[in-house]
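Asks: protein-v5.tsv is reproduced in full below (TSV, C-alpha atoms and all ligand atoms).
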chain	number	residue	atom	x	y	z
A	1	MET	CA	-118.68	7.57	35.52
A	2	ARG	CA	-117.23	4.95	33.21
A	3	ILE	CA	-118.69	4.48	29.75
A	4	ALA	CA	-118.37	1.25	27.75
A	5	VAL	CA	-118.14	2.02	24.01
A	6	PHE	CA	-118.69	-1.00	21.76
A	7	GLY	CA	-119.82	-1.87	18.24
A	8	ASP	CA	-119.62	-4.21	15.26
A	9	ILE	CA	-121.23	-7.00	17.24
A	10	HIS	CA	-122.46	-8.72	14.08
A	11	SER	CA	-124.84	-11.16	15.77
A	12	ASN	CA	-122.08	-12.73	17.88
A	13	LEU	CA	-124.01	-13.34	21.11
A	14	GLU	CA	-121.19	-15.01	23.08
A	15	ALA	CA	-118.80	-12.10	22.36
A	16	LEU	CA	-121.45	-9.50	23.29
A	17	GLN	CA	-122.27	-11.23	26.57
A	18	ALA	CA	-118.57	-11.51	27.46
A	19	VAL	CA	-117.99	-7.81	26.73
A	20	LEU	CA	-120.98	-6.64	28.77
A	21	ALA	CA	-119.98	-8.87	31.71
A	22	HIS	CA	-116.43	-7.50	31.52
A	23	ALA	CA	-117.75	-3.91	31.40
A	24	GLN	CA	-119.93	-4.52	34.44
A	25	GLU	CA	-117.01	-6.05	36.37
A	26	ASN	CA	-115.06	-2.91	35.48
A	27	HIS	CA	-117.78	-0.66	36.93
A	28	CYS	CA	-119.17	0.75	33.70
A	29	THR	CA	-122.40	2.63	34.43
A	30	HIS	CA	-123.14	3.81	30.90
A	31	PHE	CA	-123.03	2.23	27.46
A	32	VAL	CA	-122.80	3.52	23.89
A	33	CYS	CA	-123.22	1.28	20.84
A	34	LEU	CA	-121.50	2.17	17.55
A	35	GLY	CA	-123.77	0.08	15.30
A	36	ASP	CA	-123.64	-3.09	13.19
A	37	ILE	CA	-125.52	-5.06	15.82
A	38	VAL	CA	-126.59	-7.56	13.15
A	39	GLY	CA	-125.14	-9.33	10.08
A	40	TYR	CA	-122.64	-12.21	9.58
A	41	ALA	CA	-123.21	-14.52	12.59
A	42	ALA	CA	-126.18	-16.54	13.85
A	43	ASP	CA	-127.81	-14.50	16.66
A	44	PRO	CA	-129.10	-11.14	15.37
A	45	LYS	CA	-132.32	-11.28	17.43
A	46	ALA	CA	-130.66	-11.99	20.80
A	47	CYS	CA	-128.00	-9.32	20.19
A	48	LEU	CA	-130.58	-6.73	19.17
A	49	ASP	CA	-132.72	-7.48	22.23
A	50	ILE	CA	-129.73	-7.07	24.57
A	51	VAL	CA	-128.61	-3.76	23.04
A	52	ARG	CA	-132.16	-2.39	22.95
A	53	ASP	CA	-132.69	-3.35	26.61
A	54	LEU	CA	-129.56	-1.41	27.62
A	55	GLY	CA	-131.51	1.73	26.64
A	56	CYS	CA	-128.24	3.39	25.64
A	57	PRO	CA	-127.39	5.66	22.69
A	58	VAL	CA	-126.98	3.56	19.52
A	59	VAL	CA	-125.97	4.69	16.03
A	60	LYS	CA	-126.85	2.92	12.80
A	61	GLY	CA	-124.31	0.70	11.00
A	62	ASN	CA	-124.35	-0.34	7.35
A	63	HIS	CA	-125.45	-3.90	8.20
A	64	ASP	CA	-128.27	-2.52	10.37
A	65	GLU	CA	-129.35	-0.42	7.39
A	66	LEU	CA	-129.10	-3.33	4.92
A	67	ALA	CA	-131.16	-5.57	7.22
A	68	CYS	CA	-134.14	-3.22	7.13
A	69	MET	CA	-134.06	-2.35	3.41
A	70	ASP	CA	-136.57	-4.08	1.13
A	71	SER	CA	-134.21	-4.68	-1.77
A	72	SER	CA	-131.61	-7.43	-1.91
A	73	PRO	CA	-128.23	-6.02	-0.87
A	74	ASP	CA	-125.86	-4.98	-3.65
A	75	ASN	CA	-122.29	-3.70	-3.45
A	76	VAL	CA	-121.61	-6.07	-0.55
A	77	SER	CA	-119.75	-9.38	-0.43
A	78	GLN	CA	-121.48	-12.74	-0.71
A	79	LEU	CA	-120.60	-13.42	2.94
A	80	ALA	CA	-122.28	-10.17	4.01
A	81	THR	CA	-125.33	-10.92	1.86
A	82	GLU	CA	-125.81	-14.34	3.48
A	83	GLY	CA	-125.63	-12.73	6.93
A	84	ILE	CA	-128.18	-10.06	5.96
A	85	MET	CA	-130.64	-12.63	4.57
A	86	HIS	CA	-130.30	-14.67	7.78
A	87	THR	CA	-130.84	-11.50	9.85
A	88	ARG	CA	-134.03	-10.63	7.95
A	89	ARG	CA	-135.44	-14.11	8.62
A	90	GLN	CA	-134.78	-13.83	12.37
A	91	LEU	CA	-136.02	-10.30	13.15
A	92	THR	CA	-139.61	-9.15	13.70
A	93	GLN	CA	-141.09	-6.12	11.96
A	94	GLU	CA	-140.77	-4.27	15.26
A	95	ASP	CA	-137.04	-5.09	15.38
A	96	LEU	CA	-136.57	-3.89	11.80
A	97	ASP	CA	-138.46	-0.65	12.54
A	98	TRP	CA	-136.22	-0.08	15.57
A	99	LEU	CA	-133.08	-0.53	13.43
A	100	ALA	CA	-134.49	1.71	10.70
A	101	ALA	CA	-135.11	4.52	13.21
A	102	LEU	CA	-131.50	4.62	14.46
A	103	LYS	CA	-129.61	7.85	13.78
A	104	PHE	CA	-126.27	8.01	11.97
A	105	VAL	CA	-124.65	10.34	14.50
A	106	ARG	CA	-125.27	10.86	18.23
A	107	ASN	CA	-123.81	13.45	20.54
A	108	VAL	CA	-123.34	12.06	24.03
A	109	ARG	CA	-121.96	14.24	26.83
A	110	ASP	CA	-118.61	15.56	25.53
A	111	PHE	CA	-118.21	13.13	22.64
A	112	THR	CA	-119.73	12.02	19.35
A	113	ALA	CA	-120.60	8.51	18.18
A	114	VAL	CA	-120.72	7.41	14.51
A	115	HIS	CA	-120.38	4.07	12.76
A	116	ALA	CA	-118.21	5.06	9.77
A	117	THR	CA	-117.31	8.76	9.27
A	118	LEU	CA	-118.68	12.16	10.27
A	119	ASP	CA	-118.17	13.78	6.84
A	120	THR	CA	-120.62	11.44	5.06
A	121	PRO	CA	-122.05	9.16	7.77
A	122	ASN	CA	-124.59	7.53	5.41
A	123	HIS	CA	-122.02	6.62	2.69
A	124	TRP	CA	-120.12	4.08	4.82
A	125	GLY	CA	-116.61	5.13	3.83
A	126	TYR	CA	-113.72	3.28	5.46
A	127	VAL	CA	-111.22	5.35	7.45
A	128	MET	CA	-107.91	3.67	6.64
A	129	ASN	CA	-105.39	6.52	7.05
A	130	ALA	CA	-104.80	10.03	8.36
A	131	LEU	CA	-106.23	11.60	5.18
A	132	ASP	CA	-109.57	9.80	5.61
A	133	ALA	CA	-109.57	10.65	9.31
A	134	GLY	CA	-108.87	14.33	8.56
A	135	ALA	CA	-112.06	14.55	6.47
A	136	SER	CA	-114.12	13.25	9.38
A	137	LEU	CA	-112.25	15.36	11.96
A	138	SER	CA	-113.24	18.55	10.12
A	139	TYR	CA	-116.87	17.72	10.94
A	140	GLN	CA	-116.11	16.82	14.56
A	141	HIS	CA	-117.20	19.45	17.08
A	142	THR	CA	-116.36	17.50	20.24
A	143	PRO	CA	-112.89	16.60	21.60
A	144	LEU	CA	-113.62	12.88	21.13
A	145	CYS	CA	-115.46	10.87	18.52
A	146	PHE	CA	-115.78	7.09	18.66
A	147	PHE	CA	-116.29	5.03	15.49
A	148	GLY	CA	-116.14	1.47	14.15
A	149	HIS	CA	-116.78	-0.06	10.70
A	150	THR	CA	-113.20	-1.19	9.87
A	151	HIS	CA	-113.09	-3.63	12.83
A	152	VAL	CA	-109.49	-2.51	13.48
A	153	PRO	CA	-108.62	-0.54	16.66
A	154	ARG	CA	-106.70	2.55	15.60
A	155	TYR	CA	-106.94	6.19	16.56
A	156	TYR	CA	-106.18	9.57	15.02
A	157	VAL	CA	-105.28	12.82	16.72
A	158	ARG	CA	-105.57	16.28	15.21
A	159	GLU	CA	-103.40	19.02	16.57
A	160	ALA	CA	-101.46	20.83	13.83
A	161	GLY	CA	-101.85	17.89	11.41
A	162	VAL	CA	-103.44	14.47	11.80
A	163	ARG	CA	-101.42	11.59	13.26
A	164	SER	CA	-102.39	7.93	13.20
A	165	TYR	CA	-101.78	5.38	15.97
A	166	ASP	CA	-102.08	1.61	15.47
A	167	GLY	CA	-102.69	-1.12	17.99
A	168	TRP	CA	-103.51	1.16	20.92
A	169	ASP	CA	-104.42	0.09	24.43
A	170	ASN	CA	-104.61	3.37	26.35
A	171	ILE	CA	-105.14	7.00	25.32
A	172	GLY	CA	-104.53	9.91	27.67
A	173	ILE	CA	-106.82	12.71	26.47
A	174	GLU	CA	-105.08	16.11	26.30
A	175	THR	CA	-106.99	19.39	26.06
A	176	GLY	CA	-106.77	21.26	22.77
A	177	LYS	CA	-106.52	18.09	20.68
A	178	LYS	CA	-109.23	16.19	18.81
A	179	TYR	CA	-109.40	12.41	18.92
A	180	PHE	CA	-111.10	10.10	16.40
A	181	ILE	CA	-111.03	6.69	18.03
A	182	ASN	CA	-111.83	3.28	16.55
A	183	VAL	CA	-112.67	0.83	19.34
A	184	GLY	CA	-112.42	-2.30	17.18
A	185	SER	CA	-115.13	-4.95	16.88
A	186	VAL	CA	-116.96	-7.04	19.47
A	187	GLY	CA	-118.06	-9.84	17.18
A	188	GLN	CA	-115.66	-9.98	14.22
A	189	PRO	CA	-112.23	-8.39	14.89
A	190	ARG	CA	-110.01	-7.96	11.80
A	191	ASP	CA	-106.69	-7.00	13.37
A	192	GLY	CA	-105.43	-10.57	13.77
A	193	ASP	CA	-106.59	-10.90	17.40
A	194	TRP	CA	-109.70	-13.09	17.74
A	195	ARG	CA	-110.75	-11.65	21.13
A	196	ALA	CA	-113.68	-9.22	21.35
A	197	ALA	CA	-112.65	-5.54	21.45
A	198	TYR	CA	-114.30	-2.55	23.12
A	199	ALA	CA	-113.24	0.57	25.03
A	200	ILE	CA	-113.95	2.16	28.39
A	201	TYR	CA	-114.00	5.96	28.49
A	202	HIS	CA	-113.40	7.50	31.91
A	203	PRO	CA	-114.15	11.24	31.54
A	204	ALA	CA	-112.92	12.23	35.03
A	205	GLU	CA	-109.54	10.52	34.39
A	206	HIS	CA	-109.34	11.82	30.80
A	207	ASP	CA	-108.53	8.40	29.48
A	208	VAL	CA	-109.80	5.73	27.14
A	209	VAL	CA	-108.69	2.12	27.59
A	210	LEU	CA	-109.08	-0.62	24.98
A	211	HIS	CA	-109.96	-4.06	26.32
A	212	ARG	CA	-109.73	-7.49	24.67
A	213	VAL	CA	-112.07	-10.12	26.05
A	214	GLN	CA	-112.02	-13.89	25.49
A	215	TYR	CA	-115.33	-15.59	24.76
A	216	ASP	CA	-116.67	-19.03	23.86
A	217	ILE	CA	-115.74	-18.85	20.18
A	218	ALA	CA	-116.42	-22.58	19.56
A	219	THR	CA	-120.11	-22.09	20.41
A	220	THR	CA	-120.39	-19.07	18.09
A	221	GLN	CA	-118.73	-21.02	15.26
A	222	GLN	CA	-121.01	-24.04	15.73
A	223	LYS	CA	-124.11	-21.82	15.69
A	224	ILE	CA	-122.97	-20.24	12.40
A	225	ILE	CA	-122.61	-23.69	10.83
A	226	ASP	CA	-125.90	-24.97	12.32
A	227	ALA	CA	-127.71	-21.91	10.91
A	228	GLY	CA	-126.56	-22.88	7.40
A	229	LEU	CA	-124.36	-19.80	7.08
A	230	PRO	CA	-121.05	-20.07	5.13
A	231	HIS	CA	-118.32	-21.96	7.02
A	232	ARG	CA	-115.92	-19.16	6.10
A	233	LEU	CA	-117.83	-16.90	8.56
A	234	ALA	CA	-117.02	-19.34	11.37
A	235	GLU	CA	-113.38	-19.86	10.33
A	236	ARG	CA	-112.50	-16.17	10.05
A	237	LEU	CA	-113.45	-15.56	13.72
A	238	ALA	CA	-110.56	-17.74	14.90
A	239	HIS	CA	-108.09	-15.76	12.76
A	240	GLY	CA	-109.38	-12.32	13.72
A	241	ARG	CA	-109.86	-11.49	10.01
A	301	ZN	ZN	-119.14	-4.02	10.84
Would you mind writing the structure in this file as structure tokens?
Ligand code: ZN
Replies:
Amino acid sequence: MRIAVFGDIHSNLEALQAVLAHAQENHCTHFVCLGDIVGYAADPKACLDIVRDLGCPVVKGNHDELACMDSSPDNVSQLATEGIMHTRRQLTQEDLDWLAALKFVRNVRDFTAVHATLDTPNHWGYVMNALDAGASLSYQHTPLCFFGHTHVPRYYVREAGVRSYDGWDNIGIETGKKYFINVGSVGQPRDGDWRAAYAIYHPAEHDVVLHRVQYDIATTQQKIIDAGLPHRLAERLAHGR
């Protein structure tokens, strides 16, 4: 069994399609989505339909939550607000109800999935260092937990203390340790690499491998501009920021 773990798609259809094709070529049989299907880019409806049709475990992200709230978003950037308003115009009531019903945390086999943190999953805190990760790890009852939200692939290991690892590409899972693993972002990476990021977990081999996948970024950028969304949302994709 090989499990593709992916999130922070943010309505980037070309990146999502490239990641799922890559996962299928690499014999993934199961999928887990870490949330933020919508927001920012032009194709929330197509992305939501694809993820829903996978029938896989999905957790709720902050943009998924914002999309199905009645009020206008506050405490978010202007760029995020524009993406949310676009998302609301594209989705049906059924789509919004599906997003609203997503859970914050899912336990899947021997691991946990969450969008932001396990200590306060509905407060959308950003895990930026070992201290933040430690707070989440104290609520983690499985050897592995996958998360997203920062759009930066980085992982944390708790043994005696908590250690942080940047820019990972392969993790060998050792018994007795706990791993809190950020798989990066499919649709809007922010680690300086424009390519879509996701991970494949292979339980029998005790390893997790991060993959970077090229996609047709020019099409995604043109769709953002054609949808009347801010040009900055198209430009940032090329910079991986
Ligand atoms: Zn996100």
Asks: Hey, which residues sit close to ligand ZN 301 (chain A)? Say within 12 Å, counting only C-alpha atoms and all ligand atoms, and write them as a compact mmCIF listing (two decimals) with C-alpha atoms, in the coordinates of the input.
Replies:
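Produced file result_14.txt, reproduced below:
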# COMPACT_ATOMS: atom_id res chain seq x y z
CA PHE A 6 -118.69 -1.00 21.76
CA GLY A 7 -119.82 -1.87 18.24
CA ASP A 8 -119.62 -4.21 15.26
CA ILE A 9 -121.23 -7.00 17.24
CA HIS A 10 -122.46 -8.72 14.08
CA SER A 11 -124.84 -11.16 15.77
CA ASN A 12 -122.08 -12.73 17.88
CA LEU A 34 -121.50 2.17 17.55
CA GLY A 35 -123.77 0.08 15.30
CA ASP A 36 -123.64 -3.09 13.19
CA ILE A 37 -125.52 -5.06 15.82
CA VAL A 38 -126.59 -7.56 13.15
CA GLY A 39 -125.14 -9.33 10.08
CA TYR A 40 -122.64 -12.21 9.58
CA ALA A 41 -123.21 -14.52 12.59
CA LYS A 60 -126.85 2.92 12.80
CA GLY A 61 -124.31 0.70 11.00
CA ASN A 62 -124.35 -0.34 7.35
CA HIS A 63 -125.45 -3.90 8.20
CA ASP A 64 -128.27 -2.52 10.37
CA GLU A 65 -129.35 -0.42 7.39
CA LEU A 66 -129.10 -3.33 4.92
CA VAL A 76 -121.61 -6.07 -0.55
CA ALA A 80 -122.28 -10.17 4.01
CA GLY A 83 -125.63 -12.73 6.93
CA ILE A 84 -128.18 -10.06 5.96
CA HIS A 115 -120.38 4.07 12.76
CA ALA A 116 -118.21 5.06 9.77
CA TRP A 124 -120.12 4.08 4.82
CA GLY A 125 -116.61 5.13 3.83
CA TYR A 126 -113.72 3.28 5.46
CA PHE A 147 -116.29 5.03 15.49
CA GLY A 148 -116.14 1.47 14.15
CA HIS A 149 -116.78 -0.06 10.70
CA THR A 150 -113.20 -1.19 9.87
CA HIS A 151 -113.09 -3.63 12.83
CA VAL A 152 -109.49 -2.51 13.48
CA ASN A 182 -111.83 3.28 16.55
CA VAL A 183 -112.67 0.83 19.34
CA GLY A 184 -112.42 -2.30 17.18
CA SER A 185 -115.13 -4.95 16.88
CA VAL A 186 -116.96 -7.04 19.47
CA GLY A 187 -118.06 -9.84 17.18
CA GLN A 188 -115.66 -9.98 14.22
CA PRO A 189 -112.23 -8.39 14.89
CA ARG A 190 -110.01 -7.96 11.80
CA ARG A 241 -109.86 -11.49 10.01
Asks: What's the separation between atom CA of A:Tyr201 and atom CA of A:Arg158, in Å to one decimal place?
Replies: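 We find that atom CA of A:Tyr201 and atom CA of A:Arg158 lie 18.8 Å from each other.
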Asks: What separation in Å, quoted to one decimal, exists between atom CA of A:Asp207 and atom CA of A:Gly176?
Replies: 14.6 Å
Asks: Pick from A:Cys28, A:Ala135, A:Met1, A:Leu237: nearest to A:Ala218, with all atoms listed in the file counted?
Replies: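 Closest candidate: A:Leu237.
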Asks: Select, counting all atoms listed in the file, all protein, DNA and RNA residues no farther than 10 Å from (-102.3, -7.9, 13.6) in file coordinates, and express the selection as a list of chain:residue names.
Replies: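 Nearby residues: A:Val152, A:Asp166, A:Gly167, A:Arg190, A:Asp191, A:Gly192, A:Asp193, A:Trp194, A:His239, A:Gly240, A:Arg241.
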Asks: Could you tell me how far atom CA of A:Met69 lies from atom CA of A:Tyr198, in Å and to one decimal?
Replies: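 Straight-line distance from atom CA of A:Met69 to atom CA of A:Tyr198 works out to 27.9 Å.
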Asks: Find the residue from A:Arg154, A:Lys45, A:His231, A:Lys177 that sits nearest to A:Ala199; use all atoms listed in the file when measuring.
Replies: A:Arg154
Asks: What would the list of residues within 12 Å of (-119.3, 21.1, 16.7) (file frame) look like as a count of residues only, if all atoms listed in the file are what count?
Replies: 17
Asks: Restricting the calculation to all atoms listed in the file, which member of A:Leu20, A:Leu48, A:Ala204, A:Ala196 is positioned closest to A:Ile173?
Replies: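 Of A:Leu20, A:Leu48, A:Ala204, A:Ala196, the one nearest A:Ile173, counting all atoms listed in the file, is A:Ala204.
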Asks: For each of A:Val157, A:Ile200, A:Leu79, A:Ala42, take the minimum atom-to-atom distance to A:Asn26, counting only C-alpha atoms, then give the residue where this is smallest.
Replies: A:Ile200
Asks: What's the 8 Å shell around A:Gln221, counting only C-alpha atoms, without same-chain residues fewer than 5 positions away, as a PyMOL selection string?
Replies: chain A and resi 233-235+237
Asks: When you count only C-alpha atoms, which of these residues is closest to A:Gln24: A:Leu131, A:Ala227, A:Cys47, A:Ile3?
Replies: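 Looking at the shortest contact to A:Gln24, the residue is A:Ile3.
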Asks: Counting only C-alpha atoms, which of A:Leu54, A:Val114, A:Val59, A:Ile181 gets nearest to A:Leu102?
Replies: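 Of the candidates, the smallest distance to A:Leu102 is held by A:Val59.
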